[in-house]
$ cat run-v9.tsv   # TSV, C-alpha atoms
chain	number	residue	atom	x	y	z
M	1	MET	CA	-71.32	116.68	46.12
M	2	ALA	CA	-72.88	119.55	44.19
M	3	LYS	CA	-76.23	118.79	45.76
M	4	PHE	CA	-74.63	118.93	49.23
M	5	TYR	CA	-73.14	122.35	48.56
M	6	TRP	CA	-76.50	123.58	47.33
M	7	VAL	CA	-78.08	122.44	50.59
M	8	LEU	CA	-75.29	124.09	52.59
M	9	GLY	CA	-75.65	127.29	50.57
M	10	GLY	CA	-79.41	127.26	51.07
M	11	ILE	CA	-79.01	126.96	54.84
M	12	ALA	CA	-76.42	129.75	54.82
M	13	VAL	CA	-78.74	132.07	52.87
M	14	ILE	CA	-81.74	131.30	55.12
M	15	GLY	CA	-79.63	131.65	58.28
M	16	LEU	CA	-78.03	134.91	57.23
M	17	GLY	CA	-81.40	136.26	56.11
M	18	ALA	CA	-83.11	135.38	59.40
M	19	LEU	CA	-80.23	136.73	61.45
M	20	GLY	CA	-80.03	139.91	59.37
M	21	TYR	CA	-83.78	140.40	59.73
M	22	GLN	CA	-83.63	139.97	63.51
M	23	VAL	CA	-80.71	142.34	63.90
M	24	GLY	CA	-82.22	144.82	61.46
M	25	SER	CA	-85.72	144.84	62.91
M	26	GLN	CA	-84.57	144.87	66.50
M	27	SER	CA	-81.44	146.92	66.15
M	28	LEU	CA	-83.07	149.29	68.55
M	29	GLY	CA	-80.65	148.14	71.18
M	30	LYS	CA	-80.99	146.46	74.51
M	31	ALA	CA	-83.58	147.94	76.80
M	32	ALA	CA	-82.10	149.36	80.01
M	33	THR	CA	-83.73	147.35	82.78
M	34	GLU	CA	-81.66	148.40	85.77
M	35	PRO	CA	-80.70	151.66	87.45
M	36	ILE	CA	-77.65	153.39	86.05
M	37	GLU	CA	-74.97	155.54	87.61
M	38	VAL	CA	-75.81	159.20	87.11
M	39	ALA	CA	-73.00	161.66	87.79
M	40	GLY	CA	-73.49	164.44	90.28
M	41	LEU	CA	-76.40	163.03	92.27
M	42	ASP	CA	-74.47	163.40	95.51
M	43	ASP	CA	-75.10	167.10	95.14
M	44	MET	CA	-78.66	167.87	96.30
M	45	GLU	CA	-79.17	170.65	93.73
M	46	THR	CA	-78.15	168.39	90.87
M	47	LEU	CA	-80.33	165.60	92.23
M	48	VAL	CA	-83.38	167.84	92.48
M	49	ALA	CA	-82.71	169.12	88.96
M	50	LYS	CA	-82.37	165.61	87.50
M	51	ALA	CA	-85.20	163.94	89.38
M	52	GLN	CA	-88.41	164.72	87.58
M	53	GLY	CA	-91.91	163.78	88.57
M	54	VAL	CA	-94.76	163.68	86.11
M	55	SER	CA	-97.34	166.21	87.15
M	56	LYS	CA	-101.07	166.42	86.68
M	57	GLY	CA	-103.25	169.42	87.50
M	58	ASP	CA	-102.77	173.15	88.01
M	59	PRO	CA	-99.06	173.89	88.61
M	60	ASP	CA	-100.15	176.79	90.87
M	61	ALA	CA	-102.49	174.64	92.99
M	62	PRO	CA	-101.89	175.28	96.72
M	63	ILE	CA	-101.41	171.60	97.59
M	64	THR	CA	-98.96	169.12	96.07
M	65	ILE	CA	-99.62	165.43	96.47
M	66	ALA	CA	-96.55	163.42	95.48
M	67	GLU	CA	-96.49	159.69	95.07
M	68	PHE	CA	-93.37	157.52	94.92
M	69	ALA	CA	-94.39	154.24	93.35
M	70	ASP	CA	-93.27	151.03	91.68
M	71	TYR	CA	-95.35	149.72	88.77
M	72	GLN	CA	-94.84	146.13	89.80
M	73	CYS	CA	-95.95	146.62	93.40
M	74	PRO	CA	-99.53	145.40	93.94
M	75	SER	CA	-100.32	148.14	96.49
M	76	CYS	CA	-99.22	150.78	93.99
M	77	GLY	CA	-101.56	149.18	91.45
M	78	ALA	CA	-104.43	149.35	93.91
M	79	PHE	CA	-103.55	152.95	94.76
M	80	GLY	CA	-103.31	153.95	91.11
M	81	LEU	CA	-106.61	152.35	90.17
M	82	SER	CA	-108.76	153.18	93.18
M	83	VAL	CA	-107.28	155.99	95.34
M	84	LYS	CA	-105.73	158.22	92.68
M	85	PRO	CA	-109.00	158.64	90.73
M	86	GLN	CA	-110.64	159.95	93.93
M	87	ILE	CA	-107.77	162.39	94.51
M	88	GLU	CA	-108.10	163.56	90.92
M	89	ARG	CA	-111.83	164.06	91.13
M	90	LEU	CA	-111.85	165.86	94.46
M	91	TYR	CA	-108.64	167.85	94.40
M	92	VAL	CA	-106.83	167.85	91.07
M	93	GLU	CA	-109.80	168.62	88.83
M	94	THR	CA	-110.99	171.29	91.24
M	95	GLY	CA	-107.61	173.04	91.18
M	96	LYS	CA	-106.96	172.50	94.89
M	97	ALA	CA	-104.02	170.18	94.37
M	98	ARG	CA	-101.64	168.90	91.76
M	99	PHE	CA	-100.55	165.29	91.71
M	100	VAL	CA	-96.93	164.37	90.99
M	101	TYR	CA	-95.75	160.85	90.26
M	102	TYR	CA	-92.14	159.87	90.98
M	103	ASP	CA	-90.67	156.56	89.91
M	104	PHE	CA	-89.41	154.48	92.78
M	105	PRO	CA	-88.88	151.00	91.31
M	106	LEU	CA	-87.55	148.35	93.66
M	107	PRO	CA	-85.53	146.14	91.27
M	108	SER	CA	-84.44	143.75	94.00
M	109	LEU	CA	-88.08	142.81	94.60
M	110	HIS	CA	-89.58	143.52	91.19
M	111	PRO	CA	-87.40	142.63	88.20
M	112	HIS	CA	-89.54	144.51	85.66
M	113	ALA	CA	-90.15	147.61	87.75
M	114	PHE	CA	-87.29	149.68	86.35
M	115	LEU	CA	-88.23	148.88	82.76
M	116	ALA	CA	-91.87	149.67	83.59
M	117	SER	CA	-90.82	153.07	84.94
M	118	ARG	CA	-88.85	153.74	81.77
M	119	ALA	CA	-91.85	152.60	79.75
M	120	GLY	CA	-93.99	155.14	81.60
M	121	ARG	CA	-91.50	157.84	80.68
M	122	CYS	CA	-91.52	156.70	77.05
M	123	ALA	CA	-95.31	157.02	77.07
M	124	ASN	CA	-94.92	160.43	78.69
M	125	ASP	CA	-92.82	161.55	75.70
M	126	GLN	CA	-95.98	161.12	73.66
M	127	GLY	CA	-98.28	162.70	76.24
M	128	ARG	CA	-99.74	159.31	77.22
M	129	PHE	CA	-98.27	158.88	80.67
M	130	TRP	CA	-101.46	158.65	82.71
M	131	GLU	CA	-103.25	156.53	80.10
M	132	PHE	CA	-100.29	154.14	80.02
M	133	GLN	CA	-100.17	154.04	83.80
M	134	ASN	CA	-103.81	152.96	83.93
M	135	VAL	CA	-103.26	150.20	81.38
M	136	ILE	CA	-100.09	148.89	83.00
M	137	PHE	CA	-101.69	148.83	86.44
M	138	ARG	CA	-104.82	147.14	85.12
M	139	ASN	CA	-102.67	144.40	83.57
M	140	GLN	CA	-100.15	144.17	86.41
M	141	SER	CA	-100.96	140.58	87.32
M	142	THR	CA	-100.47	139.52	83.68
M	143	TRP	CA	-97.05	141.03	82.95
M	144	ALA	CA	-95.57	140.81	86.43
M	145	SER	CA	-95.19	137.04	86.15
M	146	ARG	CA	-93.67	137.03	82.66
M	147	SER	CA	-89.97	136.69	81.94
M	148	ASN	CA	-90.00	139.12	79.03
M	149	VAL	CA	-92.34	142.09	79.20
M	150	GLU	CA	-91.12	144.34	76.41
M	151	ASP	CA	-93.80	143.21	73.96
M	152	ASP	CA	-96.49	143.56	76.65
M	153	PHE	CA	-95.40	147.13	77.34
M	154	VAL	CA	-95.49	147.95	73.64
M	155	ASP	CA	-99.06	146.57	73.49
M	156	TYR	CA	-100.06	148.61	76.53
M	157	ALA	CA	-98.57	151.76	75.04
M	158	VAL	CA	-100.57	151.22	71.86
M	159	GLN	CA	-103.71	150.69	73.98
M	160	ALA	CA	-102.88	153.95	75.75
M	161	GLY	CA	-102.78	155.70	72.37
M	162	ALA	CA	-99.03	155.96	71.85
M	163	ASP	CA	-97.30	155.48	68.52
M	164	GLU	CA	-95.91	151.93	68.48
M	165	ASP	CA	-92.64	152.51	66.64
M	166	THR	CA	-91.69	155.61	68.59
M	167	PHE	CA	-92.49	153.93	71.89
M	168	GLU	CA	-90.62	150.75	70.98
M	169	LYS	CA	-87.52	152.69	69.96
M	170	CYS	CA	-87.59	154.49	73.30
M	171	LEU	CA	-88.25	151.32	75.31
M	172	LYS	CA	-85.52	149.31	73.61
M	173	SER	CA	-82.85	151.80	74.51
M	174	ASP	CA	-81.55	153.41	77.68
M	175	MET	CA	-83.72	156.50	77.33
M	176	HIS	CA	-84.96	157.90	80.65
M	177	ALA	CA	-82.82	155.47	82.65
M	178	ASP	CA	-81.08	158.56	84.07
M	179	VAL	CA	-84.32	160.24	85.19
M	180	VAL	CA	-85.72	157.06	86.73
M	181	SER	CA	-82.40	156.44	88.52
M	182	ALA	CA	-82.40	160.05	89.77
M	183	ASN	CA	-85.98	159.66	91.02
M	184	MET	CA	-84.95	156.54	92.90
M	185	ARG	CA	-82.04	158.40	94.48
M	186	LEU	CA	-84.35	161.26	95.45
M	187	GLY	CA	-86.66	158.76	97.13
M	188	TYR	CA	-83.79	157.25	99.08
M	189	GLU	CA	-82.61	160.72	100.13
M	190	LEU	CA	-86.13	161.43	101.40
M	191	GLY	CA	-86.00	158.26	103.45
M	192	ILE	CA	-88.56	156.42	101.38
M	193	ASP	CA	-88.29	152.69	101.87
M	194	GLY	CA	-91.58	151.31	100.59
M	195	THR	CA	-94.20	151.89	97.96
M	196	PRO	CA	-96.49	153.59	97.49
M	197	THR	CA	-95.35	156.50	99.61
M	198	VAL	CA	-97.47	159.61	99.54
M	199	LEU	CA	-96.20	163.05	100.52
M	200	VAL	CA	-98.53	166.02	100.88
M	201	SER	CA	-97.26	169.58	101.03
M	202	MET	CA	-98.63	173.09	100.96
M	203	GLY	CA	-96.77	175.61	98.82
M	204	ARG	CA	-93.09	175.42	99.67
M	205	GLY	CA	-93.81	174.10	103.14
M	206	MET	CA	-92.49	170.90	104.62
M	207	ALA	CA	-94.04	167.79	103.11
M	208	ARG	CA	-96.04	165.49	105.36
M	209	ARG	CA	-95.36	161.83	104.78
M	210	LEU	CA	-98.45	159.67	105.13
M	211	MET	CA	-98.13	156.44	107.00
M	212	SER	CA	-101.08	154.91	105.17
M	213	PHE	CA	-102.20	155.52	101.64
M	214	ASP	CA	-105.95	155.05	101.76
M	215	PHE	CA	-108.02	157.92	100.43
M	216	GLU	CA	-109.40	158.93	103.84
M	217	SER	CA	-105.90	159.49	105.28
M	218	ILE	CA	-104.90	161.63	102.32
M	219	GLN	CA	-108.18	163.53	102.48
M	220	GLU	CA	-107.67	164.27	106.15
M	221	VAL	CA	-104.21	165.79	105.59
M	222	VAL	CA	-105.28	167.74	102.50
M	223	GLU	CA	-108.33	169.16	104.24
M	224	ASP	CA	-106.17	170.12	107.24
M	225	LEU	CA	-103.75	171.99	105.01
M	226	LEU	CA	-106.55	173.67	103.08
M	227	ALA	CA	-108.17	174.74	106.35
M	228	GLU	CA	-104.83	176.12	107.59
M	229	SER	CA	-104.40	178.15	104.42
M	230	ALA	CA	-107.96	179.49	104.71
M	231	THR	CA	-107.40	180.63	108.30
M	232	PRO	CA	-106.36	184.32	108.42
M	233	PRO	CA	-102.92	184.86	109.98
M	234	GLY	CA	-102.98	185.68	113.64
M	235	ASN	CA	-106.06	183.53	114.40
X	236	MET	CA	-58.89	105.20	38.19
X	237	SER	CA	-57.20	105.83	41.52
X	238	GLY	CA	-59.58	104.50	44.13
X	239	LEU	CA	-60.85	107.92	45.21
X	240	GLN	CA	-63.13	107.52	48.21
X	241	ALA	CA	-66.68	108.79	48.04
X	242	PRO	CA	-67.27	111.76	50.36
X	243	PRO	CA	-68.38	110.36	53.74
X	244	ARG	CA	-72.06	111.11	54.24
X	245	ASN	CA	-71.73	111.51	57.99
X	246	ARG	CA	-69.40	114.48	57.44
X	247	MET	CA	-71.97	116.07	55.17
X	248	VAL	CA	-74.52	115.67	57.95
X	249	ILE	CA	-72.09	117.20	60.47
X	250	ALA	CA	-71.42	120.14	58.13
X	251	VAL	CA	-75.14	120.83	57.68
X	252	LEU	CA	-75.89	120.54	61.42
X	253	SER	CA	-72.86	122.65	62.34
X	254	LEU	CA	-73.95	125.42	59.99
X	255	MET	CA	-77.43	125.38	61.55
X	256	GLY	CA	-75.90	125.46	65.02
X	257	LEU	CA	-73.62	128.29	63.99
X	258	PHE	CA	-76.62	130.49	63.20
X	259	VAL	CA	-78.31	129.57	66.50
X	260	ALA	CA	-75.12	130.51	68.38
X	261	LEU	CA	-74.75	133.74	66.36
X	262	TYR	CA	-78.34	134.65	67.23
X	263	LEU	CA	-77.68	134.12	70.95
X	264	LEU	CA	-74.41	136.04	70.64
X	265	ALA	CA	-76.22	138.95	68.94
X	266	ASP	CA	-78.52	139.05	71.97
X	267	SER	CA	-75.62	138.88	74.42
X	268	VAL	CA	-73.83	141.83	72.86
X	269	GLY	CA	-77.01	143.90	72.60
X	270	LEU	CA	-77.46	143.80	68.81
X	271	ILE	CA	-81.09	142.77	69.18
X	272	GLY	CA	-83.72	143.94	71.63
X	273	SER	CA	-84.82	140.56	72.87
X	274	LEU	CA	-84.81	136.94	71.73
X	275	VAL	CA	-87.80	135.40	70.04
X	276	CYS	CA	-88.71	132.92	72.75
X	277	GLY	CA	-92.04	131.17	72.37
X	278	ILE	CA	-91.09	128.35	74.72
X	279	GLY	CA	-89.10	128.76	77.92
X	280	GLU	CA	-87.50	131.78	79.53
X	281	CYS	CA	-84.63	132.80	77.29
X	282	ASP	CA	-84.06	136.14	79.04
X	283	THR	CA	-83.72	134.45	82.42
X	284	VAL	CA	-81.10	132.09	81.03
X	285	GLN	CA	-79.31	134.74	78.99
X	286	SER	CA	-79.16	137.19	81.88
X	287	SER	CA	-77.94	134.60	84.39
X	288	LYS	CA	-74.32	134.54	85.51
X	289	TRP	CA	-73.96	131.19	83.76
X	290	ALA	CA	-74.48	132.81	80.36
X	291	ARG	CA	-70.90	134.10	80.52
X	292	MET	CA	-67.53	132.56	81.16
X	293	GLY	CA	-65.84	135.56	82.68
X	294	PRO	CA	-66.16	138.28	80.08
X	295	VAL	CA	-66.95	135.83	77.27
X	296	PRO	CA	-70.57	134.97	76.44
X	297	VAL	CA	-71.20	131.23	76.32
X	298	SER	CA	-72.73	131.79	72.87
X	299	ALA	CA	-69.32	132.98	71.64
X	300	VAL	CA	-67.88	129.63	72.73
X	301	GLY	CA	-70.71	128.04	70.72
X	302	VAL	CA	-69.83	130.09	67.63
X	303	VAL	CA	-66.19	128.99	67.85
X	304	GLY	CA	-67.18	125.34	68.44
X	305	TYR	CA	-69.60	125.20	65.52
X	306	LEU	CA	-67.08	126.95	63.25
X	307	ALA	CA	-64.47	124.35	64.20
X	308	LEU	CA	-66.91	121.50	63.50
X	309	LEU	CA	-67.94	123.06	60.20
X	310	GLY	CA	-64.33	123.59	59.18
X	311	ALA	CA	-63.28	120.06	60.13
X	312	SER	CA	-66.24	118.45	58.38
X	313	LEU	CA	-65.70	120.46	55.18
X	314	ALA	CA	-61.98	119.62	55.27
X	315	GLY	CA	-62.95	115.96	55.66
X	316	LEU	CA	-65.07	116.15	52.52
X	317	GLN	CA	-62.24	117.36	50.30
X	318	PRO	CA	-60.44	114.63	48.29
X	319	ALA	CA	-57.27	115.11	50.35
X	320	GLY	CA	-59.09	114.95	53.66
X	321	ARG	CA	-61.39	112.00	53.08
X	322	SER	CA	-58.88	109.46	54.34
X	323	SER	CA	-57.25	111.74	56.90
X	324	ARG	CA	-57.03	110.28	60.40
X	325	ALA	CA	-56.58	113.76	61.83
X	326	VAL	CA	-59.91	114.95	60.46
X	327	GLY	CA	-61.72	111.90	61.80
X	328	ALA	CA	-60.12	112.28	65.20
X	329	ALA	CA	-60.89	116.01	65.26
X	330	LEU	CA	-64.54	115.45	64.43
X	331	LEU	CA	-64.86	112.82	67.15
X	332	ALA	CA	-63.07	114.94	69.75
X	333	LEU	CA	-64.97	118.13	68.88
X	334	GLY	CA	-68.27	116.26	68.86
X	335	ALA	CA	-67.56	114.71	72.29
X	336	ILE	CA	-66.40	118.02	73.82
X	337	ALA	CA	-69.45	119.81	72.40
X	338	LEU	CA	-71.76	117.11	73.76
X	339	ALA	CA	-70.19	117.26	77.24
X	340	TYR	CA	-70.34	121.06	77.30
X	341	SER	CA	-73.92	121.02	76.09
X	342	ALA	CA	-74.88	118.49	78.77
X	343	TRP	CA	-73.30	120.75	81.42
X	344	LEU	CA	-75.33	123.71	80.13
X	345	ALA	CA	-78.52	121.63	80.12
X	346	TYR	CA	-77.81	120.62	83.73
X	347	LEU	CA	-77.41	124.28	84.69
X	348	GLU	CA	-80.69	125.19	83.01
X	349	ALA	CA	-82.54	122.32	84.68
X	350	PHE	CA	-81.15	122.45	88.22
X	351	VAL	CA	-79.40	125.76	88.82
X	352	ILE	CA	-81.07	128.46	86.72
X	353	ARG	CA	-84.34	126.51	86.70
X	354	ALA	CA	-85.34	127.98	83.36
X	355	TRP	CA	-85.02	126.78	79.80
X	356	CYS	CA	-84.09	128.69	76.70
X	357	GLN	CA	-85.53	127.18	73.53
X	358	TRP	CA	-82.47	128.16	71.49
X	359	CYS	CA	-80.15	126.45	73.96
X	360	VAL	CA	-82.30	123.34	73.70
X	361	VAL	CA	-82.14	123.49	69.88
X	362	SER	CA	-78.36	123.79	70.13
X	363	ALA	CA	-78.20	120.83	72.53
X	364	VAL	CA	-80.25	118.70	70.12
X	365	LEU	CA	-77.99	119.71	67.20
X	366	VAL	CA	-74.86	118.87	69.20
X	367	THR	CA	-76.26	115.47	70.14
X	368	CYS	CA	-77.00	114.74	66.48
X	369	ILE	CA	-73.51	115.94	65.51
X	370	PHE	CA	-71.95	113.60	68.05
X	371	LEU	CA	-74.01	110.68	66.77
X	372	ALA	CA	-73.04	111.57	63.21
X	373	ALA	CA	-69.38	111.64	64.26
X	374	LEU	CA	-69.45	108.09	65.70
X	375	PRO	CA	-68.69	106.37	62.34
X	376	GLU	CA	-65.32	108.15	62.51
X	377	LEU	CA	-64.45	105.82	65.36
X	378	LYS	CA	-64.97	102.82	63.11
X	379	ARG	CA	-62.92	104.43	60.34
X	380	LEU	CA	-60.07	105.21	62.73
X	381	ARG	CA	-60.05	101.59	63.95
X	382	GLU	CA	-60.07	100.23	60.40
X	383	ARG	CA	-57.15	102.44	59.46
X	384	SER	CA	-55.15	101.48	62.49
X	385	ASP	CA	-55.73	97.77	61.66
X	386	THR	CA	-54.40	98.15	58.10
$ encode --input "run-v9.tsv" --output "structure tokens"
Amino acid sequence: MAKFYWVLGGIAVIGLGALGYQVGSQSLGKAATEPIEVAGLDDMETLVAKAQGVSKGDPDAPITIAEFADYQCPSCGAFGLSVKPQIERLYVETGKARFVYYDFPLPSLHPHAFLASRAGRCANDQGRFWEFQNVIFRNQSTWASRSNVEDDFVDYAVQAGADEDTFEKCLKSDMHADVVSANMRLGYELGIDGTPTVLVSMGRGMARRLMSFDFESIQEVVEDLLAESATPPGN
Amino acid sequence: MSGLQAPPRNRMVIAVLSLMGLFVALYLLADSVGLIGSLVCGIGECDTVQSSKWARMGPVPVSAVGVVGYLALLGASLAGLQPAGRSSRAVGAALLALGAIALAYSAWLAYLEAFVIRAWCQWCVVSAVLVTCIFLAALPELKRLRERSDT
């Protein structure tokens, strides 16, 4: 009988150790993977204050190009990898426009999209938003089909130059779930129903929503607006 | 010497398997209540199974039912190893009943994974294998119960 109790004790020690290790090493909490209720979003002022895009380029640039996108949507991946670099080169780097990215995950279609948006925000905390976005879009076909993507996102963040532990703590929590949820609500309020959606505006003027998101369409609208601003008043 | 029975080996086996199953169920429960970020899941799609509506019975995670079941099996088998419990009909009957209920419940969960959720969780499979072994180990109790009812 003594031998039996030794075996039982051994299993108990191993089991408790393994369980304690798992809880201890992953006690970072459950990652928020779905939109949350954020109080006050029915009020437009509160919504605008809580919804936050991630901006690139001169904040005083005359043109603002805003994109509402979902990391798991293939068209957003194509836009991020092929159209956005052209916008950056021609307009953002030249100070003519700033580019603003708003999260608009579609959880009903893309189960990892909300987490991916939060992951982007976690990377943004470390100043690696755009680098992370490139990596996550490049690997979209890999992670989009997986059931669990948290480890993939941690790998991508490291590839983007983020600190692993800090990123993982952020990802495996509910951090930024409020901002992403507010961005989604802002998109719905603006009538956005698909991704990517691109809005182009001049100063505080009304934004023009583009029906297609190829570079030529965006270029046409931007050039129009730039030409309008260059025309002296009265002409 | 009073003819003290030797501790039944099958109950030792049930105790060992129940303790192993208890830790599997505790691990799944820790995931259900958010104590760990995500399950280690090399084979299958644990998150799909754990996040399905079938992973809960109302507000209670299925893993909590597993914890209770394994604790009951562990308790019954340990009681059946004590000198006073070795010849107890109640312990034998309890082990048989618990083993059969656990096997039926486990089979139902395996059916859900295979045909409804269409995803497997490796830890649920491990638990199903343990439960099957526990049931098989409990079968000698049937013989003991019959022998005692004949005498």
$ interface_residues --input "run-v9.tsv" --of "chain M" --to "chain X" --cutoff "10 Å" --atoms "all atoms listed in the file" --output "mmCIF file with C-alpha atoms, in the frame of the given file"
data_model
loop_
_atom_site.group_PDB
_atom_site.id
_atom_site.type_symbol
_atom_site.label_atom_id
_atom_site.label_comp_id
_atom_site.auth_asym_id
_atom_site.auth_seq_id
_atom_site.Cartn_x
_atom_site.Cartn_y
_atom_site.Cartn_z
ATOM 1 C CA MET M 1 -71.320 116.680 46.120
ATOM 2 C CA PHE M 4 -74.630 118.930 49.230
ATOM 3 C CA TYR M 5 -73.140 122.350 48.560
ATOM 4 C CA VAL M 7 -78.080 122.440 50.590
ATOM 5 C CA LEU M 8 -75.290 124.090 52.590
ATOM 6 C CA GLY M 9 -75.650 127.290 50.570
ATOM 7 C CA ILE M 11 -79.010 126.960 54.840
ATOM 8 C CA ALA M 12 -76.420 129.750 54.820
ATOM 9 C CA ILE M 14 -81.740 131.300 55.120
ATOM 10 C CA GLY M 15 -79.630 131.650 58.280
ATOM 11 C CA LEU M 16 -78.030 134.910 57.230
ATOM 12 C CA ALA M 18 -83.110 135.380 59.400
ATOM 13 C CA LEU M 19 -80.230 136.730 61.450
ATOM 14 C CA GLY M 20 -80.030 139.910 59.370
ATOM 15 C CA GLN M 22 -83.630 139.970 63.510
ATOM 16 C CA VAL M 23 -80.710 142.340 63.900
ATOM 17 C CA GLY M 24 -82.220 144.820 61.460
ATOM 18 C CA SER M 25 -85.720 144.840 62.910
ATOM 19 C CA GLN M 26 -84.570 144.870 66.500
ATOM 20 C CA SER M 27 -81.440 146.920 66.150
ATOM 21 C CA LEU M 28 -83.070 149.290 68.550
ATOM 22 C CA GLY M 29 -80.650 148.140 71.180
ATOM 23 C CA LYS M 30 -80.990 146.460 74.510
ATOM 24 C CA ALA M 31 -83.580 147.940 76.800
ATOM 25 C CA ARG M 146 -93.670 137.030 82.660
ATOM 26 C CA SER M 147 -89.970 136.690 81.940
ATOM 27 C CA ASN M 148 -90.000 139.120 79.030
ATOM 28 C CA VAL M 149 -92.340 142.090 79.200
ATOM 29 C CA GLU M 150 -91.120 144.340 76.410
ATOM 30 C CA ASP M 151 -93.800 143.210 73.960
ATOM 31 C CA GLU M 168 -90.620 150.750 70.980
ATOM 32 C CA LYS M 169 -87.520 152.690 69.960
ATOM 33 C CA LEU M 171 -88.250 151.320 75.310
ATOM 34 C CA LYS M 172 -85.520 149.310 73.610
ATOM 35 C CA SER M 173 -82.850 151.800 74.510
#
$ residues_near_point --input "run-v9.tsv" --point "(-79.6, 134.0, 83.3)" --cutoff "12 Å" --atoms "only C-alpha atoms" --output "MDAnalysis selection string"
(chainID M and resid 147) or (chainID X and resid 267 280:291 296:297 344 347:348 351:356)
$ residues_around --input "run-v9.tsv" --residues "M:Leu90" --least-positions-apart "5" --cutoff "12 Å" --atoms "only C-alpha atoms" --output "PyMOL selection string"
chain M and resi 57+83-85+95-99+215-216+218-219+222-223
$ closest_residue --input "run-v9.tsv" --among "X:Ile336, X:Ala345, X:Val326, X:Ala260" --to "X:Pro243" --atoms "all atoms listed in the file"
X:Val326
$ residues_around --input "run-v9.tsv" --residues "M:Thr197" --least-positions-apart "6" --cutoff "7 Å" --atoms "only C-alpha atoms" --output "mmCIF file with C-alpha atoms, in the frame of the given file"
data_model
loop_
_atom_site.group_PDB
_atom_site.id
_atom_site.type_symbol
_atom_site.label_atom_id
_atom_site.label_comp_id
_atom_site.auth_asym_id
_atom_site.auth_seq_id
_atom_site.Cartn_x
_atom_site.Cartn_y
_atom_site.Cartn_z
ATOM 1 C CA GLU M 67 -96.490 159.690 95.070
ATOM 2 C CA PHE M 68 -93.370 157.520 94.920
ATOM 3 C CA ALA M 69 -94.390 154.240 93.350
#
$ residues_near_point --input "run-v9.tsv" --point "(-86.4, 159.0, 94.0)" --cutoff "10 Å" --atoms "all atoms listed in the file" --output "list in words"
Leu47, Val48, Ala51, Gln52, Gly53, Phe68, Ala69, Tyr102, Asp103, Phe104, Pro105, Val179, Val180, Ser181, Ala182, Asn183, Met184, Arg185, Leu186, Gly187, Tyr188, Glu189, Leu190, Gly191 and Ile192 of chain M
$ axis_aligned_box --input "run-v9.tsv" --around "stretch 90-109 of chain M" --padding-each-side "6 Å" --output "lines of an AutoDock Vina configuration file"
center_x = -98.1
center_y = 157.9
center_z = 91.9
size_x = 39.4
size_y = 42.2
size_z = 18.1
$ closest_residue --input "run-v9.tsv" --among "M:Ala2, M:Ala144, M:Val100, M:Ala207" --to "M:Trp130" --atoms "only C-alpha atoms"
M:Val100
$ closest_residue --input "run-v9.tsv" --among "X:Ala337, X:Ala328, X:Ala319, X:Ala342" --to "X:Pro375" --atoms "all atoms listed in the file"
X:Ala328
$ atom_distance --input "run-v9.tsv" --atom1 "atom CA of M:Leu210" --atom2 "atom CA of M:Thr195"
11.4 Å
$ residues_around --input "run-v9.tsv" --residues "M:Leu106" --least-positions-apart "2" --cutoff "9 Å" --atoms "only C-alpha atoms" --output "number ranges by chain"
M: 70, 72-73, 104, 108-111, 113-114, 184, 194-195
$ atom_distance --input "run-v9.tsv" --atom1 "atom CA of M:Tyr71" --atom2 "atom CA of M:Gln140"
7.7 Å
$ residues_around --input "run-v9.tsv" --residues "M:Leu199" --least-positions-apart "2" --cutoff "6 Å" --atoms "only C-alpha atoms" --output "compact mmCIF listing (two decimals) with C-alpha atoms, keeping the file's coordinate frame"
# COMPACT_ATOMS: atom_id res chain seq x y z
CA ILE M 65 -99.62 165.43 96.47
CA ALA M 66 -96.55 163.42 95.48
CA ALA M 207 -94.04 167.79 103.11
CA ARG M 208 -96.04 165.49 105.36
CA ARG M 209 -95.36 161.83 104.78
$ residues_around --input "run-v9.tsv" --residues "X:Ala311" --least-positions-apart "3" --cutoff "10 Å" --atoms "only C-alpha atoms" --output "PDB file with C-alpha atoms, keeping the file's coordinate frame"
ATOM      1  CA  ARG X 246     -69.400 114.480  57.440  1.00  0.00           C
ATOM      2  CA  ILE X 249     -72.090 117.200  60.470  1.00  0.00           C
ATOM      3  CA  ALA X 250     -71.420 120.140  58.130  1.00  0.00           C
ATOM      4  CA  TYR X 305     -69.600 125.200  65.520  1.00  0.00           C
ATOM      5  CA  LEU X 306     -67.080 126.950  63.250  1.00  0.00           C
ATOM      6  CA  ALA X 307     -64.470 124.350  64.200  1.00  0.00           C
ATOM      7  CA  LEU X 308     -66.910 121.500  63.500  1.00  0.00           C
ATOM      8  CA  ALA X 314     -61.980 119.620  55.270  1.00  0.00           C
ATOM      9  CA  GLY X 315     -62.950 115.960  55.660  1.00  0.00           C
ATOM     10  CA  LEU X 316     -65.070 116.150  52.520  1.00  0.00           C
ATOM     11  CA  GLY X 320     -59.090 114.950  53.660  1.00  0.00           C
ATOM     12  CA  ALA X 325     -56.580 113.760  61.830  1.00  0.00           C
ATOM     13  CA  VAL X 326     -59.910 114.950  60.460  1.00  0.00           C
ATOM     14  CA  GLY X 327     -61.720 111.900  61.800  1.00  0.00           C
ATOM     15  CA  ALA X 328     -60.120 112.280  65.200  1.00  0.00           C
ATOM     16  CA  ALA X 329     -60.890 116.010  65.260  1.00  0.00           C
ATOM     17  CA  LEU X 330     -64.540 115.450  64.430  1.00  0.00           C
ATOM     18  CA  LEU X 333     -64.970 118.130  68.880  1.00  0.00           C
TER      19      LEU X 333
END
$ atom_distance --input "run-v9.tsv" --atom1 "atom CA of M:Phe213" --atom2 "atom CA of M:Val198"
6.6 Å
$ closest_residue --input "run-v9.tsv" --among "X:Glu376, X:Arg381, X:Gln317, X:Leu263" --to "X:Ala299" --atoms "only C-alpha atoms"
X:Leu263
